[in-house]
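Heads up: the structure comes next, in structure tokens.
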Amino acid sequence: MSENIRYEDTFLYRIRHSLAHIMAQAVLEFYPDTKYTIGPPVENGFYYDFDLPQPISQEDLEKIEKRMRQIVAGQHPFIKKVISAEEARQIFQNQPYKIELIEGLEKGGFDEYGNPLDTKPEISIYQHDTFVDLCRGPHVENTKQINPSAFKLMSIAGAYWRGDEKNKMLTRIYGTAWEKPDDLKHYLQMLEEAKKRDHRKLGKELEIFTFDDEVGPGLPLWLPNGGILIEELEKLAKEMEERAGYQRVRTPHLTKEDLFLRSGHLPYYAESMYPPMELEEGVKYYIKPMNCPMHHKIFGARPRSYRELPLRLAEYGTCYRYEKSGELFGLMRVRSMQMNDAHIYCSEEQFEQEFMGVVELYKKYFDLFGIQKYVMRLSLHSKAGLGKKYVDNERLWLKTEDMVRRAMLNGGVPFVEAEDEAAFYGPKIDVQIWSAIGREFTLATNQVDFAVPARFDLKFVNKDGQEETPLCIHRAPLSTHERMIGFLIEHYGGAFPVWLSPEQVRVIPITDAQNEYAANLAAQLRARGIRVSADLGSERMNAKIRAAQMFKVPYMLVVGANEAAAGTVSLRMRDGAQLNNIPLAEFEARITDRITRRASEL
RNA sequence: GCCGACGUAGCUCAAUCGGCAGAGCACCCGCCUUGUAAGCGGGCGGUUACGGGUUCGAUUCCCGUCGUCGGCUCCA
């Protein structure tokens with residue numbers, strides 16, 4: 001099958017779309033006073049949003065699903081009819097959400113899902129059995145084309161009408177649907193596998209981080225193993241940034257209100273900030289949600305010459321953001337975070353090279369980690385958000401957006417564009433990734449700031465002796481420690497490459513007669529800077545191997561009487577491979593090689 | 001923040017209709033001396049998230065708070 005077929009044109013799309021209608025029919029039969037809204041196919045399935053007269057529970061899904069199978073078995077044709085707005089209003093006179101949609105269609109500019117549209121669409125309905133929906137299709141021709149054993153209702157969730165939190169909260173029912181029962185089975189198995197990779201589960205099992213109710217939601221406590229991951233990532237970042245000409249700075253976690261008033265964070269970003277502290281009358285302090293204002297102050301601390309540009313200031317700064325309670329998600333979305341932050345101050349002529357330099361840095365990191373599934377997204381402003389979400393200067397928005405777009409095209413880097421996703425101070429390239437359970441996150445980011453340097457009155461003197469305002473690039477190729485490590489835990493399924501592994505080697509004596517030999521081996525490796533432990537407990541060797549295996553330690557050195565006598569080790573690797581009776585020096589050479597190259601192989 | 005579900009030992013989970021709170025793993029102590037994913041025995045461990053209510057009696061029913069989970073909104 002060609003990969004170029006749009007989802008909308010696939011048979012699976014029709015199946016899912018049709019099942020959404022069938023589910024709506026079943027729900028309406030059980031709860032006749034239900035107002036129904038929209039029900040599109042989505043990745044892996046479909047949903048339908050209802051305004052129900054009463055709450056429903058997981059158990060109710062079973063009866064709905066059962067009724068859906070009956071409807072499918074009824075072999076009902078799906079019949080399309082193009083009608084006038086007037087007829088549509090007649091048919092859906094008791095369905096206020098449909099009336100709203102019809103008005104949108106009539107005016108043009110929106111499709112039946114409320115998405116913006118260039119052309120004025122025709123109004124059509126689809127009917128099967130007793131159910132009629134406002135819909136442009138496409139659908140299956142007949143419900144007999146749907147396999148009754150290849151779909152399943154998954155969950156109930158809340159969702160705002162038209163995705164706007166000011167609107168009413170509706171009840172959304174999610175279902176998954178496939179062409180064949182085996183596809184469904186496969187998908188459900190994949191979900192189970194994904195749960196095993198979930199960083200919240202692995203992070204606990206591998207003792208990487210924990211949360212505590214008394215510390216507070218979204219405030220992770222890094223355990224010693226997490227501390228090691230952080231140290232290794234910082235070492236990596238510092239090496240890469242030093243080579244790329246960055247300088248390291250450090251700034252406080254707190255600043256006076258004045259700084260965030262100047263930066264514009266307070267008007268634009270206030271709802272994500274912790275409330276102010278006021279010790280002296282009239283002097284408010286905020287805990288920082290971003291590092292940029294302080295870096296701007298460092299740039300502005302003395303006059304700057306064009307000869308200094310690009311000036312690249314880097315800091316693994318800790319920031320605090322008051323994320324709404326429901327938005328928290330393990331390590332991936334937290335309230336305290338340490339950012340792989342840097343700000344690059346450059347002239348307009350230098351912009352493209354600097355911006356692409358950052359994109360190159362992303363790519364190096366992504367190669368190193370073997371991250372392949374990601375999308376680079378050019379995040380743009382929206383006209384409607386100007387002066388609210390976004391700095392009110394449309395000319396500069398369009399100009400910088402075009403600069404970024406040109407840079408990406410010139411660099412041959414594939415990207416998608418997304419309106420209304422920009423930072424308040426400028427457009428950005430976000431790298432989108434997915435958590436194990438399929439939630440989308442921005443990992444790395446590379447942002448242009450055309451607004452804030454001027455607010456800070458930042459200047460440099462150009463070749464002609466004239467003052468110019470620099471552009472600022474905000475970038476975080478390694479995201480925050482929290483999100484990056486959360487992602488890496490899932491990406492590797494907890495089996496980190498040797499250089500990142502909190503415990504790189506575990507020495508396992510076969511009987512306690514080898515305890516001393518094992519302890520000596522560990523001491524020798526430790527002296528080489530290798531993270532090693534010797535398991536000298538009273539368990540049997542097999543139990544110790546199992547424990548090391550479940551802790552995903554990359555190398556196990558199993559030593560018995562033979563090894564102790566010969567001064568060798570028996571190497572068992574995490575993947576089950578074995579190298580018996582090798583000299584310690586040989587193992588040392590192997591592990592040192594893997595660590596210094598930050599190699600992915602064992 | 002909003003809709004819904006859930007909260008029992010460090011972890012994973014039991015406990016019938018409202019009737020003395022239990023298991024495995026982990027941990028500690030013994031015994032066994034073992035060749036590549038769990039040897040055996042014993043012990044410790046609980047204000048059933050927190051606060052209130054109903055009841056002779058609440059892990060169980062009701063209310064509130066906190067937290068977690070599935071989504072929505074929002075985001076590094």
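Convention: chains lettered A, B, ... in structure tokens order; per-chain residue numbering from 1; ligands numbered from 1 as shown.
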Could you pull out the helix (DSSP H, G or I) residues of range 88-157 of chain A, going by DSSP on the backbone, and write them as number ranges by chain?
A: 88-91, 96-107, 143-145
Using only C-alpha atoms (C1' of nucleotides), tabulate the residues of chain B lying at most 10 Å from any atom of chain A, each with its closest atom pair and that distance in Å to one decimal, by chain and increasing residue number, as CSV.
```
residue,atom,partner,partner_atom,distance
B:G1,C1',A:Lys324,CA,6.1
B:C2,C1',A:Met169,CA,7.0
B:C3,C1',A:Gly158,CA,4.1
B:G4,C1',A:Ala157,CA,6.2
B:A5,C1',A:Ser57,CA,8.3
B:C11,C1',A:Glu205,CA,8.4
B:C32,C1',A:Arg540,CA,9.7
B:U33,C1',A:Thr511,CA,5.7
B:U34,C1',A:Thr511,CA,6.1
B:G35,C1',A:Ile510,CA,7.0
B:U36,C1',A:Asn542,CA,6.9
B:A37,C1',A:Arg546,CA,4.1
B:A38,C1',A:Ala543,CA,5.3
B:G39,C1',A:Arg540,CA,7.3
B:A49,C1',A:Asp213,CA,9.4
B:C66,C1',A:Asp213,CA,8.3
B:G67,C1',A:Asp213,CA,6.7
B:U68,C1',A:Pro217,CA,9.8
B:C69,C1',A:Phe329,CA,9.8
B:G70,C1',A:Ala157,CA,6.7
B:G71,C1',A:Ala157,CA,4.5
B:C72,C1',A:Ala159,CA,4.1
B:U73,C1',A:Glu165,CA,5.6
B:C74,C1',A:Glu327,CA,7.2
B:C75,C1',A:Thr442,CA,7.7
B:A76,C1',A:Ser479,CA,5.5
```
Can you tell me, as a compact mmCIF listing (two decimals) with all heavy atoms, in the first residue's frame, what residues are no more than 12 Å from G43 in chain B when counting only C-alpha atoms (C1' of nucleotides), ignoring any on the same chain fewer than 5 positions away?
```txt
# COMPACT_ATOMS: atom_id res chain seq x y z
P C B 27 15.97 -7.39 49.19
OP1 C B 27 17.24 -6.81 48.70
OP2 C B 27 15.80 -8.86 49.28
O5' C B 27 15.63 -6.77 50.62
C5' C B 27 15.78 -5.37 50.86
C4' C B 27 15.36 -5.06 52.28
O4' C B 27 13.95 -5.34 52.44
C3' C B 27 16.03 -5.91 53.35
O3' C B 27 17.30 -5.41 53.71
C2' C B 27 15.03 -5.84 54.49
O2' C B 27 15.15 -4.61 55.20
C1' C B 27 13.69 -5.84 53.74
N1 C B 27 13.11 -7.20 53.61
C2 C B 27 12.42 -7.74 54.70
O2 C B 27 12.33 -7.07 55.75
N3 C B 27 11.88 -8.97 54.59
C4 C B 27 12.00 -9.66 53.45
N4 C B 27 11.44 -10.87 53.39
C5 C B 27 12.71 -9.14 52.33
C6 C B 27 13.24 -7.91 52.45
P C B 28 18.52 -6.43 54.07
OP1 C B 28 19.75 -5.61 54.15
OP2 C B 28 18.44 -7.60 53.17
O5' C B 28 18.14 -6.92 55.54
C5' C B 28 18.23 -6.04 56.66
C4' C B 28 17.75 -6.74 57.90
O4' C B 28 16.33 -7.06 57.74
C3' C B 28 18.38 -8.09 58.17
O3' C B 28 19.64 -7.98 58.81
C2' C B 28 17.34 -8.76 59.05
O2' C B 28 17.37 -8.25 60.37
C1' C B 28 16.05 -8.29 58.38
N1 C B 28 15.56 -9.24 57.36
C2 C B 28 14.83 -10.36 57.79
O2 C B 28 14.64 -10.51 59.01
N3 C B 28 14.36 -11.24 56.86
C4 C B 28 14.60 -11.04 55.56
N4 C B 28 14.12 -11.94 54.71
C5 C B 28 15.35 -9.92 55.11
C6 C B 28 15.81 -9.05 56.03
P C B 29 20.76 -9.10 58.58
OP1 C B 29 21.99 -8.61 59.23
OP2 C B 29 20.77 -9.52 57.16
O5' C B 29 20.17 -10.33 59.43
C5' C B 29 19.98 -10.22 60.84
C4' C B 29 19.46 -11.52 61.38
O4' C B 29 18.09 -11.73 60.92
C3' C B 29 20.19 -12.76 60.87
O3' C B 29 21.40 -12.97 61.56
C2' C B 29 19.15 -13.85 61.11
O2' C B 29 19.08 -14.24 62.46
C1' C B 29 17.85 -13.12 60.74
N1 C B 29 17.49 -13.34 59.32
C2 C B 29 16.74 -14.49 59.00
O2 C B 29 16.43 -15.27 59.91
N3 C B 29 16.40 -14.71 57.71
C4 C B 29 16.76 -13.85 56.75
N4 C B 29 16.40 -14.12 55.51
C5 C B 29 17.53 -12.68 57.05
C6 C B 29 17.87 -12.47 58.34
P G B 30 22.53 -13.94 60.97
OP1 G B 30 23.79 -13.67 61.67
OP2 G B 30 22.49 -13.90 59.49
O5' G B 30 21.97 -15.34 61.46
C5' G B 30 22.25 -16.48 60.72
C4' G B 30 21.29 -17.58 61.08
O4' G B 30 19.93 -17.15 60.80
C3' G B 30 21.51 -18.82 60.24
O3' G B 30 22.46 -19.66 60.85
C2' G B 30 20.11 -19.42 60.16
O2' G B 30 19.78 -20.15 61.31
C1' G B 30 19.25 -18.15 60.08
N9 G B 30 19.08 -17.67 58.69
C8 G B 30 19.53 -16.48 58.17
N7 G B 30 19.23 -16.31 56.91
C5 G B 30 18.53 -17.47 56.58
C6 G B 30 17.96 -17.86 55.37
O6 G B 30 17.93 -17.23 54.29
N1 G B 30 17.34 -19.10 55.45
C2 G B 30 17.30 -19.87 56.60
N2 G B 30 16.67 -21.04 56.49
N3 G B 30 17.83 -19.52 57.75
C4 G B 30 18.43 -18.31 57.67
```
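When the distance limit is 10 Å and only C-alpha atoms (C1' of nucleotides) are what count, the residues near G18 in chain B, minus those fewer than 5 positions from it on the same chain, are U55, G57, A58, U60 and C61 of chain B.
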Just to be explicit: take each residue in the selection above, keep N, CA and C atoms (P, O5', C5', C4', C3', O3' and C1' of nucleotides), and write the result as a tab-separated table (two decimals), in the first residue's frame.
```
chain	number	residue	atom	x	y	z
B	55	U	P	-27.14	7.02	63.38
B	55	U	O5'	-26.61	5.52	63.29
B	55	U	C5'	-27.34	4.54	62.55
B	55	U	C4'	-26.53	3.27	62.48
B	55	U	C3'	-26.03	2.75	63.82
B	55	U	O3'	-27.02	2.02	64.52
B	55	U	C1'	-24.28	2.69	62.22
B	57	G	P	-21.67	2.52	66.64
B	57	G	O5'	-20.80	1.40	65.91
B	57	G	C5'	-19.62	0.88	66.54
B	57	G	C4'	-19.08	-0.27	65.75
B	57	G	C3'	-18.72	0.04	64.31
B	57	G	O3'	-17.44	0.63	64.21
B	57	G	C1'	-19.95	-1.99	64.41
B	58	A	P	-17.11	1.70	63.03
B	58	A	O5'	-17.30	0.89	61.68
B	58	A	C5'	-16.47	-0.21	61.34
B	58	A	C4'	-16.00	-0.07	59.90
B	58	A	C3'	-15.15	1.17	59.65
B	58	A	O3'	-14.20	0.87	58.63
B	58	A	C1'	-17.08	1.26	58.31
B	60	U	P	-14.80	2.69	54.52
B	60	U	O5'	-15.57	1.69	53.55
B	60	U	C5'	-15.30	1.66	52.15
B	60	U	C4'	-16.03	0.49	51.52
B	60	U	C3'	-17.56	0.58	51.63
B	60	U	O3'	-18.16	0.14	50.42
B	60	U	C1'	-16.77	-1.42	52.66
B	61	C	P	-18.56	1.23	49.37
B	61	C	O5'	-19.78	1.96	50.12
B	61	C	C5'	-21.11	1.49	49.98
B	61	C	C4'	-22.07	2.44	50.65
B	61	C	C3'	-21.73	3.92	50.52
B	61	C	O3'	-22.16	4.46	49.28
B	61	C	C1'	-22.25	3.44	52.77
```
Contacts of range 44-48 of chain B at 7 Å (only C-alpha atoms (C1' of nucleotides); same-chain gap of 5+ positions) as a PDB file with N, CA and C atoms (P, O5', C5', C4', C3', O3' and C1' of nucleotides), in the first residue's frame:
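Output saved as selection.pdb:
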```pdb
ATOM      1  P     U B   8      -3.885   2.237  47.808  1.00  0.00           P
ATOM      2  O5'   U B   8      -4.546   1.468  49.035  1.00  0.00           O
ATOM      3  C5'   U B   8      -4.569   2.068  50.318  1.00  0.00           C
ATOM      4  C4'   U B   8      -4.613   1.011  51.382  1.00  0.00           C
ATOM      5  C3'   U B   8      -3.433   0.045  51.391  1.00  0.00           C
ATOM      6  O3'   U B   8      -2.298   0.597  52.042  1.00  0.00           O
ATOM      7  C1'   U B   8      -5.419  -1.196  51.516  1.00  0.00           C
ATOM      8  P     A B   9      -0.836   0.293  51.439  1.00  0.00           P
ATOM      9  O5'   A B   9      -0.147  -0.588  52.574  1.00  0.00           O
ATOM     10  C5'   A B   9       0.315   0.020  53.776  1.00  0.00           C
ATOM     11  C4'   A B   9       1.613  -0.615  54.197  1.00  0.00           C
ATOM     12  C3'   A B   9       2.666  -0.689  53.097  1.00  0.00           C
ATOM     13  O3'   A B   9       3.955  -0.417  53.633  1.00  0.00           O
ATOM     14  C1'   A B   9       2.251  -2.839  53.955  1.00  0.00           C
ATOM     15  P     C B  28      18.516  -6.426  54.072  1.00  0.00           P
ATOM     16  O5'   C B  28      18.137  -6.923  55.545  1.00  0.00           O
ATOM     17  C5'   C B  28      18.227  -6.038  56.656  1.00  0.00           C
ATOM     18  C4'   C B  28      17.745  -6.739  57.899  1.00  0.00           C
ATOM     19  C3'   C B  28      18.383  -8.094  58.173  1.00  0.00           C
ATOM     20  O3'   C B  28      19.639  -7.977  58.812  1.00  0.00           O
ATOM     21  C1'   C B  28      16.048  -8.291  58.381  1.00  0.00           C
ATOM     22  P     U B  59     -12.668   0.489  59.002  1.00  0.00           P
ATOM     23  O5'   U B  59     -11.948   0.305  57.597  1.00  0.00           O
ATOM     24  C5'   U B  59     -11.499   1.427  56.853  1.00  0.00           C
ATOM     25  C4'   U B  59     -11.465   1.114  55.391  1.00  0.00           C
ATOM     26  C3'   U B  59     -12.827   1.031  54.722  1.00  0.00           C
ATOM     27  O3'   U B  59     -13.290   2.304  54.341  1.00  0.00           O
ATOM     28  C1'   U B  59     -11.455  -0.810  54.060  1.00  0.00           C
TER      29        U B  59
END
```
Do a neighbour search on Ala418 in chain A at 10 Å with only C-alpha atoms (C1' of nucleotides), toss out local chain neighbours closer than 3 positions, and write the hits as a ChimeraX atom specification.
/A:377-382,415,421-422,429
What does the file look like for those residues with N, CA, C and O atoms, as a PDB file, in the first residue's frame?
```pdb
ATOM      1  N   ARG A 377       8.287  21.009  14.014  1.00  0.00           N
ATOM      2  CA  ARG A 377       7.085  21.796  13.775  1.00  0.00           C
ATOM      3  C   ARG A 377       7.442  23.277  13.825  1.00  0.00           C
ATOM      4  O   ARG A 377       7.987  23.751  14.820  1.00  0.00           O
ATOM      5  N   LEU A 378       7.139  23.976  12.740  1.00  0.00           N
ATOM      6  CA  LEU A 378       7.293  25.432  12.755  1.00  0.00           C
ATOM      7  C   LEU A 378       6.032  26.011  13.387  1.00  0.00           C
ATOM      8  O   LEU A 378       4.946  25.938  12.818  1.00  0.00           O
ATOM      9  N   SER A 379       6.187  26.549  14.589  1.00  0.00           N
ATOM     10  CA  SER A 379       5.031  27.042  15.338  1.00  0.00           C
ATOM     11  C   SER A 379       4.861  28.529  15.103  1.00  0.00           C
ATOM     12  O   SER A 379       5.752  29.324  15.413  1.00  0.00           O
ATOM     13  N   LEU A 380       3.712  28.882  14.543  1.00  0.00           N
ATOM     14  CA  LEU A 380       3.450  30.250  14.105  1.00  0.00           C
ATOM     15  C   LEU A 380       2.443  30.941  15.029  1.00  0.00           C
ATOM     16  O   LEU A 380       1.779  30.290  15.825  1.00  0.00           O
ATOM     17  N   HIS A 381       2.329  32.252  14.874  1.00  0.00           N
ATOM     18  CA  HIS A 381       1.337  32.991  15.663  1.00  0.00           C
ATOM     19  C   HIS A 381      -0.049  32.832  15.028  1.00  0.00           C
ATOM     20  O   HIS A 381      -0.171  32.194  13.981  1.00  0.00           O
ATOM     21  N   SER A 382      -1.049  33.370  15.646  1.00  0.00           N
ATOM     22  CA  SER A 382      -2.353  33.471  14.985  1.00  0.00           C
ATOM     23  C   SER A 382      -2.772  34.928  15.047  1.00  0.00           C
ATOM     24  O   SER A 382      -2.462  35.623  16.013  1.00  0.00           O
ATOM     25  N   PHE A 415       9.811  19.810   7.811  1.00  0.00           N
ATOM     26  CA  PHE A 415       9.049  20.318   8.964  1.00  0.00           C
ATOM     27  C   PHE A 415       7.593  20.489   8.555  1.00  0.00           C
ATOM     28  O   PHE A 415       7.268  20.513   7.382  1.00  0.00           O
ATOM     29  N   GLU A 421       0.771  28.263  17.676  1.00  0.00           N
ATOM     30  CA  GLU A 421       1.556  27.446  18.599  1.00  0.00           C
ATOM     31  C   GLU A 421       2.839  28.156  19.020  1.00  0.00           C
ATOM     32  O   GLU A 421       3.678  27.576  19.697  1.00  0.00           O
ATOM     33  N   ALA A 422       2.996  29.412  18.628  1.00  0.00           N
ATOM     34  CA  ALA A 422       4.260  30.116  18.867  1.00  0.00           C
ATOM     35  C   ALA A 422       4.437  30.493  20.337  1.00  0.00           C
ATOM     36  O   ALA A 422       3.514  30.369  21.138  1.00  0.00           O
ATOM     37  N   ILE A 429      10.808  26.532  16.239  1.00  0.00           N
ATOM     38  CA  ILE A 429      10.804  25.155  15.730  1.00  0.00           C
ATOM     39  C   ILE A 429      10.754  24.247  16.949  1.00  0.00           C
ATOM     40  O   ILE A 429      11.655  24.250  17.778  1.00  0.00           O
TER      41      ILE A 429
END
```
